[in-house]
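The file data25.txt contains compact mmCIF, C-alpha atoms and all ligand atoms:
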# COMPACT_ATOMS: atom_id res chain seq x y z
CA MET R 24 19.15 -0.43 32.46
CA ALA R 25 19.02 3.35 31.99
CA ALA R 26 18.71 4.58 28.41
CA VAL R 27 21.82 6.48 27.29
CA ALA R 28 21.36 9.12 24.58
CA LYS R 29 23.94 8.57 21.85
CA PHE R 30 24.73 11.84 20.08
CA PRO R 31 26.64 11.82 16.79
CA PRO R 32 30.30 12.96 17.10
CA TRP R 33 29.63 16.41 15.54
CA ILE R 34 27.10 17.18 18.25
CA ARG R 35 29.54 16.06 20.96
CA ARG R 36 32.21 18.31 19.39
CA TRP R 37 30.09 21.40 18.74
CA GLY R 38 27.68 21.06 21.59
CA LEU R 39 23.94 20.61 21.75
CA GLY R 40 23.31 24.36 21.19
CA LEU R 41 24.43 24.15 17.57
CA ALA R 42 22.38 21.03 17.00
CA VAL R 43 19.28 22.80 18.29
CA MET R 44 20.03 25.76 15.99
CA ALA R 45 20.44 23.41 13.02
CA TRP R 46 17.13 21.73 13.85
CA ALA R 47 15.40 25.13 14.25
CA ASN R 48 16.69 26.12 10.79
CA LEU R 49 15.40 22.90 9.23
CA SER R 50 12.04 23.16 10.94
CA SER R 51 11.61 26.74 9.71
CA LEU R 52 11.58 25.50 6.08
CA ARG R 53 8.17 26.02 4.54
CA ALA R 54 6.37 22.95 3.21
CA SER R 55 6.89 24.30 -0.33
CA ASP R 56 10.71 24.21 0.17
CA LEU R 57 10.71 20.47 0.91
CA PRO R 58 10.87 17.91 -1.91
CA PRO R 59 7.37 16.54 -2.63
CA ALA R 60 6.70 13.15 -1.04
CA CYS R 61 4.79 11.98 -4.14
CA PRO R 62 6.55 13.50 -7.18
CA ARG R 63 5.01 13.01 -10.63
CA SER R 64 6.62 10.34 -12.80
CA ALA R 65 8.83 11.59 -15.64
CA ALA R 66 9.23 8.14 -17.25
CA VAL R 67 7.98 4.58 -16.67
CA GLN R 68 9.23 1.14 -17.72
CA ASP R 69 6.78 -1.71 -17.11
CA ARG R 70 8.31 -4.93 -15.73
CA PRO R 71 5.32 -7.24 -15.10
CA GLU R 72 7.61 -10.30 -14.84
CA LEU R 73 9.04 -8.93 -11.57
CA ALA R 74 5.57 -8.87 -9.99
CA ARG R 75 4.89 -12.57 -10.63
CA LEU R 76 3.49 -13.97 -7.38
CA LEU R 77 5.43 -16.76 -5.67
CA GLN R 78 4.57 -19.05 -2.79
CA PRO R 79 6.49 -17.91 0.28
CA SER R 80 9.16 -20.23 1.65
CA LEU R 81 8.30 -20.04 5.31
CA GLN R 82 10.72 -21.07 7.98
CA SER R 83 8.39 -20.12 10.82
CA PRO R 84 4.62 -20.41 10.33
CA GLY R 85 2.69 -17.68 12.10
CA GLY R 86 0.34 -19.82 14.20
CA GLU R 87 -2.90 -18.30 15.50
CA ALA R 88 -1.69 -14.69 15.76
CA ASP R 89 -1.55 -13.99 12.00
CA TYR R 90 -1.99 -15.58 8.56
CA ARG R 91 1.51 -15.09 7.15
CA ASP R 92 1.43 -18.66 5.79
CA GLN R 93 -1.27 -17.52 3.29
CA ILE R 94 0.68 -14.49 2.00
CA LEU R 95 2.46 -14.64 -1.35
CA THR R 96 5.54 -12.69 -2.32
CA THR R 97 6.86 -11.71 -5.78
CA VAL R 98 9.99 -12.34 -7.85
CA ALA R 99 11.24 -8.88 -6.71
CA GLY R 100 10.32 -9.47 -3.05
CA SER R 101 7.46 -8.30 -0.91
CA PRO R 102 5.43 -5.71 -2.92
CA ARG R 103 5.51 -2.89 -0.39
CA LEU R 104 6.83 0.65 0.00
CA SER R 105 7.76 2.73 3.05
CA HIS R 106 5.46 5.52 1.76
CA TRP R 107 2.45 5.15 -0.53
CA CYS R 108 0.79 7.64 -2.87
CA VAL R 109 -2.87 6.91 -3.69
CA TRP R 110 -5.11 8.46 -6.34
CA ILE R 111 -8.90 8.09 -6.07
CA GLU R 112 -10.86 8.48 -9.28
CA PRO R 113 -13.27 11.45 -9.05
CA GLY R 114 -16.76 11.67 -10.47
CA SER R 115 -18.59 8.52 -9.42
CA ARG R 116 -22.29 8.75 -10.21
CA GLN R 117 -22.98 7.11 -6.83
CA GLN R 118 -22.48 9.79 -4.20
CA ARG R 119 -21.79 7.19 -1.49
CA TRP R 120 -18.72 5.82 -3.31
CA GLN R 121 -16.22 8.62 -2.51
CA PRO R 122 -16.96 8.76 1.27
CA ALA R 123 -16.86 4.95 1.50
CA ILE R 124 -13.46 4.81 -0.24
CA GLY R 125 -12.21 7.72 1.89
CA ALA R 126 -13.25 5.94 5.11
CA ALA R 127 -11.48 2.73 4.04
CA LEU R 128 -8.33 4.64 3.13
CA THR R 129 -8.38 6.42 6.52
CA ARG R 130 -8.24 3.02 8.27
CA TRP R 131 -5.06 2.14 6.37
CA GLN R 132 -3.62 5.63 6.95
CA GLN R 133 -3.80 4.91 10.68
CA VAL R 134 -1.22 2.13 10.27
CA LEU R 135 0.80 3.01 7.13
CA PRO R 136 2.25 6.25 5.68
CA ILE R 137 -0.22 6.93 2.86
CA GLU R 138 -0.82 10.19 1.04
CA GLN R 139 -3.76 10.95 -1.24
CA VAL R 140 -2.59 12.75 -4.40
CA PRO R 141 -4.41 14.83 -7.04
CA ASN R 142 -2.74 13.30 -10.13
CA PRO R 143 -2.65 9.63 -11.15
CA ASP R 144 1.01 9.87 -12.28
CA GLN R 145 2.00 10.69 -8.67
CA ALA R 146 0.47 7.45 -7.39
CA GLN R 147 1.37 3.78 -7.05
CA VAL R 148 -2.24 2.91 -6.19
CA LEU R 149 -5.16 3.93 -8.45
CA VAL R 150 -8.66 3.41 -7.03
CA LEU R 151 -11.34 3.29 -9.74
CA HIS R 152 -15.16 3.22 -9.49
CA ARG R 153 -15.65 0.26 -11.75
CA ARG R 154 -17.28 -3.13 -11.57
CA PRO R 155 -14.49 -5.68 -12.11
CA PRO R 156 -14.87 -7.75 -15.29
CA LEU R 157 -16.15 -11.33 -14.88
CA VAL R 158 -13.49 -13.98 -14.38
CA HIS R 159 -13.59 -17.62 -15.48
CA ARG R 160 -12.75 -19.97 -12.64
CA GLU R 161 -13.42 -23.69 -12.29
CA GLY R 162 -15.53 -23.64 -15.45
CA ARG R 163 -17.84 -20.88 -14.22
CA GLN R 164 -18.06 -17.13 -14.69
CA ARG R 165 -17.67 -15.31 -11.39
CA ALA R 166 -18.53 -11.72 -10.54
CA SER R 167 -17.00 -9.73 -7.71
CA HIS R 168 -17.45 -6.26 -6.25
CA GLY R 169 -13.75 -5.52 -6.00
CA ARG R 170 -10.48 -6.53 -7.59
CA THR R 171 -6.86 -5.45 -7.30
CA THR R 172 -4.21 -6.11 -9.92
CA LEU R 173 -0.49 -5.87 -9.26
CA THR R 174 2.30 -5.16 -11.68
CA ALA R 175 5.85 -3.84 -11.28
CA ARG R 176 7.54 -0.96 -13.01
CA TYR R 177 10.63 1.18 -12.89
CA VAL R 178 9.60 4.79 -12.39
CA ASN R 179 11.69 7.94 -12.73
CA ARG R 180 10.59 10.55 -10.23
CA GLY R 181 12.63 13.72 -9.85
CA GLY R 182 15.53 12.28 -11.90
CA GLN R 183 15.88 9.04 -9.91
CA TRP R 184 14.72 5.59 -10.99
CA ARG R 185 13.31 3.00 -8.61
CA LEU R 186 11.23 -0.16 -8.73
CA GLU R 187 7.63 0.35 -7.59
CA PRO R 188 4.65 -1.97 -7.19
CA SER R 189 1.82 -0.57 -9.29
CA LEU R 190 -1.78 -1.31 -8.30
CA VAL R 191 -5.17 -0.84 -9.90
CA VAL R 192 -8.01 -1.23 -7.39
CA MET R 193 -11.52 -1.54 -8.84
CA VAL R 194 -14.46 -1.10 -6.45
CA ASP R 195 -18.04 -1.45 -7.65
CA SER R 196 -20.12 1.61 -6.74
CA SER R 197 -23.53 -0.11 -6.96
CA GLN R 198 -23.40 -1.60 -3.44
CA ARG R 199 -24.57 -0.11 -0.14
CA GLN R 200 -22.11 2.38 1.39
CA GLU R 201 -20.95 -0.01 4.15
CA ALA R 202 -20.41 -2.78 1.61
CA ILE R 203 -18.39 -0.45 -0.64
CA GLN R 204 -16.27 0.52 2.38
CA ALA R 205 -15.68 -3.12 3.38
CA THR R 206 -14.79 -4.06 -0.21
CA ALA R 207 -12.37 -1.13 -0.44
CA LEU R 208 -10.79 -1.98 2.93
CA HIS R 209 -10.14 -5.55 1.69
CA GLU R 210 -8.88 -4.54 -1.77
CA LEU R 211 -6.60 -1.83 -0.34
CA GLY R 212 -5.17 -4.56 1.92
CA HIS R 213 -4.03 -6.38 -1.23
CA ALA R 214 -2.73 -3.11 -2.69
CA PHE R 215 -0.61 -2.38 0.40
CA GLY R 216 1.01 -5.82 0.34
CA LEU R 217 -1.36 -8.47 1.75
CA TRP R 218 -1.33 -10.84 -1.24
CA GLY R 219 -3.35 -13.68 0.17
CA HIS R 220 -6.46 -14.43 2.16
CA SER R 221 -7.15 -15.29 5.76
CA LEU R 222 -9.21 -18.40 6.51
CA ASN R 223 -10.88 -16.57 9.43
CA GLN R 224 -14.06 -14.59 8.67
CA GLY R 225 -13.21 -12.07 11.42
CA ASP R 226 -10.32 -10.70 9.35
CA VAL R 227 -10.69 -7.99 6.69
CA MET R 228 -8.59 -10.16 4.37
CA ALA R 229 -10.93 -13.19 4.77
CA ALA R 230 -11.26 -15.35 1.66
CA SER R 231 -15.04 -15.33 1.96
CA PRO R 232 -16.64 -12.42 3.79
CA GLY R 233 -19.12 -12.98 6.62
CA ALA R 234 -22.69 -11.67 6.75
CA ARG R 235 -21.72 -8.27 8.19
CA PRO R 236 -19.32 -5.93 6.39
CA LEU R 237 -16.03 -5.57 8.28
CA LEU R 238 -14.99 -1.93 8.64
CA GLN R 239 -12.04 -2.33 11.05
CA LEU R 240 -8.73 -4.15 10.68
CA SER R 241 -8.44 -7.12 13.04
CA PRO R 242 -5.41 -7.77 15.28
CA ARG R 243 -4.52 -10.66 12.90
CA ASP R 244 -4.69 -8.30 9.87
CA LEU R 245 -2.33 -5.90 11.68
CA ALA R 246 0.05 -8.67 12.81
CA THR R 247 0.22 -10.03 9.24
CA LEU R 248 0.84 -6.54 7.83
CA ASN R 249 3.58 -6.01 10.39
CA TRP R 250 5.19 -9.30 9.29
CA VAL R 251 4.95 -8.36 5.55
CA TYR R 252 6.69 -5.04 6.20
CA ARG R 253 9.66 -6.86 7.74
CA GLN R 254 10.19 -9.14 4.72
CA PRO R 255 12.95 -8.54 2.16
CA THR R 256 12.05 -6.45 -0.87
CA GLY R 257 13.59 -4.87 -3.93
CA TYR R 258 10.70 -2.38 -4.23
CA GLY R 259 11.43 1.23 -3.34
CA ARG R 260 15.18 0.96 -3.88
CA PHE R 261 16.76 3.68 -5.99
CA LEU R 262 18.91 2.59 -8.94
CA THR R 263 22.37 4.03 -9.54
CA ALA R 264 21.81 3.87 -13.33
CA ALA R 265 18.81 3.83 -15.69
CA PRO R 266 17.16 0.36 -15.83
ZN ZN P 301 -9.16 -10.62 -1.84
Render the structure in this file as structure tokens.
Ligand SMILES: [Zn+2]
Amino acid sequence: MAAVAKFPPWIRRWGLGLAVMAWANLSSLRASDLPPACPRSAAVQDRPELARLLQPSLQSPGGEADYRDQILTTVAGSPRLSHWCVWIEPGSRQQRWQPAIGAALTRWQQVLPIEQVPNPDQAQVLVLHRRPPLVHREGRQRASHGRTTLTARYVNRGGQWRLEPSLVVMVDSSQRQEAIQATALHELGHAFGLWGHSLNQGDVMAASPGARPLLQLSPRDLATLNWVYRQPTGYGRFLTAAP
């Protein structure tokens, strides 16, 4: 069947010429005239209870193509946004840390709208060069090279309140550059909404990494991400009144 262009009624009435003129006017706006995509926060209200992770109630398990059955959601829905703002902590003593984090972020920027910002109060995701504190699990103390923590908060940006997921990503800088990059790729996967682990060592979000650091997202990582971004969420919605 041939595709039929559907123009809005005002274009049909006024003709395509006017529409082109309107577009030309819009496109002549300088970048500084447009509202910033990552405005600084004017006020914040923490709501950690909304970020409590829940087991998903799955009607259709994903099968071999993805690992959606391992992905948790939150009380407020899938912790995702249509546009992310990320701040990377400057000044690591290890020179390899910044390029490794940058390379990992670039991978995610190829599949999600992500902007790197100069101020932490513009961001939902903070990436810190820090060794995560030890955790007690099954009676033992466990160390890890990376950790991501999720909370939820109402944020006022430019006079409008909305619910945002808020992430702190810690990545140890004492590893080799490839290992830092692989750790960051995995932790940023959590930050951007993959709250769970794959059982397959070929996936970036594998529960236990294989011998070689993974520096590329697998088709299963991408399929799972695609599924997460189609799930219902209350994050990113603007409120009509203050929370
Ligand atoms: Zn993990």
### Message
What does the list of residues within 12 Å of ligand ZN 301 (chain P) look like if you count all atoms listed in the file, written as an MDAnalysis selection string?
### Response
chainID R and resid 93:94 167:172 192:194 205:214 216:222 226:232
Keeping C-alpha atoms, export the residues of the selection given above as a short mmCIF file (atom, residue, chain, number, x, y, z; two decimals), keeping the file's coordinate frame.
data_model
loop_
_atom_site.label_atom_id
_atom_site.label_comp_id
_atom_site.auth_asym_id
_atom_site.auth_seq_id
_atom_site.Cartn_x
_atom_site.Cartn_y
_atom_site.Cartn_z
CA GLN R 93 -1.27 -17.52 3.29
CA ILE R 94 0.68 -14.49 2.00
CA SER R 167 -17.00 -9.73 -7.71
CA HIS R 168 -17.45 -6.26 -6.25
CA GLY R 169 -13.75 -5.52 -6.00
CA ARG R 170 -10.48 -6.53 -7.59
CA THR R 171 -6.86 -5.45 -7.30
CA THR R 172 -4.21 -6.11 -9.92
CA VAL R 192 -8.01 -1.23 -7.39
CA MET R 193 -11.52 -1.54 -8.84
CA VAL R 194 -14.46 -1.10 -6.45
CA ALA R 205 -15.68 -3.12 3.38
CA THR R 206 -14.79 -4.06 -0.21
CA ALA R 207 -12.37 -1.13 -0.44
CA LEU R 208 -10.79 -1.98 2.93
CA HIS R 209 -10.14 -5.55 1.69
CA GLU R 210 -8.88 -4.54 -1.77
CA LEU R 211 -6.60 -1.83 -0.34
CA GLY R 212 -5.17 -4.56 1.92
CA HIS R 213 -4.03 -6.38 -1.23
CA ALA R 214 -2.73 -3.11 -2.69
CA GLY R 216 1.01 -5.82 0.34
CA LEU R 217 -1.36 -8.47 1.75
CA TRP R 218 -1.33 -10.84 -1.24
CA GLY R 219 -3.35 -13.68 0.17
CA HIS R 220 -6.46 -14.43 2.16
CA SER R 221 -7.15 -15.29 5.76
CA LEU R 222 -9.21 -18.40 6.51
CA ASP R 226 -10.32 -10.70 9.35
CA VAL R 227 -10.69 -7.99 6.69
CA MET R 228 -8.59 -10.16 4.37
CA ALA R 229 -10.93 -13.19 4.77
CA ALA R 230 -11.26 -15.35 1.66
CA SER R 231 -15.04 -15.33 1.96
CA PRO R 232 -16.64 -12.42 3.79
#
### Task
Name the residues in contact with region 173-177 of chain R at a cut-off of 8 Å, using only C-alpha atoms, excluding same-chain residues fewer than 5 positions from it; report them as a PyMOL selection string.
chain R and resi 67-75+184-191+214+266
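Atom to atom, CA of Pro236 (chain R) and CA of Val140 (chain R) stand 27.3 Å apart.
Look at everything within 7 Å of (-9.8, 8.4, -10.1) using only C-alpha atoms, and the residues you get are Trp110, Ile111, Glu112, Pro113, Leu149, Val150 and Leu151 of chain R.
Across the structure, CA of Ser64 (chain R) and CA of Ala99 (chain R) are spaced 20.7 Å apart.
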### Polymer residues at most 7 Å from Thr247 (chain R), all atoms listed in the file, same-chain spacing of 3 or more positions, as an MDAnalysis selection string
chainID R and resid 89:91 243:244 250:251
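Note that CA of Ala88 (chain R) and CA of Gly100 (chain R) are 22.9 Å apart.
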### Summary
With distances taken over only C-alpha atoms, the candidate from R:Asn249, R:Gln254, R:Gln200, R:Gln139 nearest Pro122 (chain R) is R:Gln200
### Message
Nearest residue to Ile203 (chain R) out of R:Arg180, R:Arg154, R:Arg165, R:Arg160, using all atoms listed in the file?
### Response
R:Arg154
### Message
Applying 8 Å and only C-alpha atoms, which residues near Gly225 (chain R) remain after dropping the ones on its own chain fewer than 6 positions away? List them as a list of chain:residue names.
### Response
R:Gly233, R:Leu237, R:Ser241
For the residues selected in the previous step, produce a file with C-alpha atoms as a short mmCIF file (atom, residue, chain, number, x, y, z; two decimals), in the frame of the given file.
data_model
loop_
_atom_site.label_atom_id
_atom_site.label_comp_id
_atom_site.auth_asym_id
_atom_site.auth_seq_id
_atom_site.Cartn_x
_atom_site.Cartn_y
_atom_site.Cartn_z
CA GLY R 233 -19.12 -12.98 6.62
CA LEU R 237 -16.03 -5.57 8.28
CA SER R 241 -8.44 -7.12 13.04
#
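In terms of minimum interatomic distance to Trp131 (chain R), R:Val109 ranks closest within R:Val109, R:Leu157, R:Ala166, R:Leu95, counting all atoms listed in the file.
Using only C-alpha atoms for every distance, the candidate list R:Gln164, R:Gln204, R:Ser196, R:Ser101 yields R:Ser101 as the residue closest to Gln78 (chain R).
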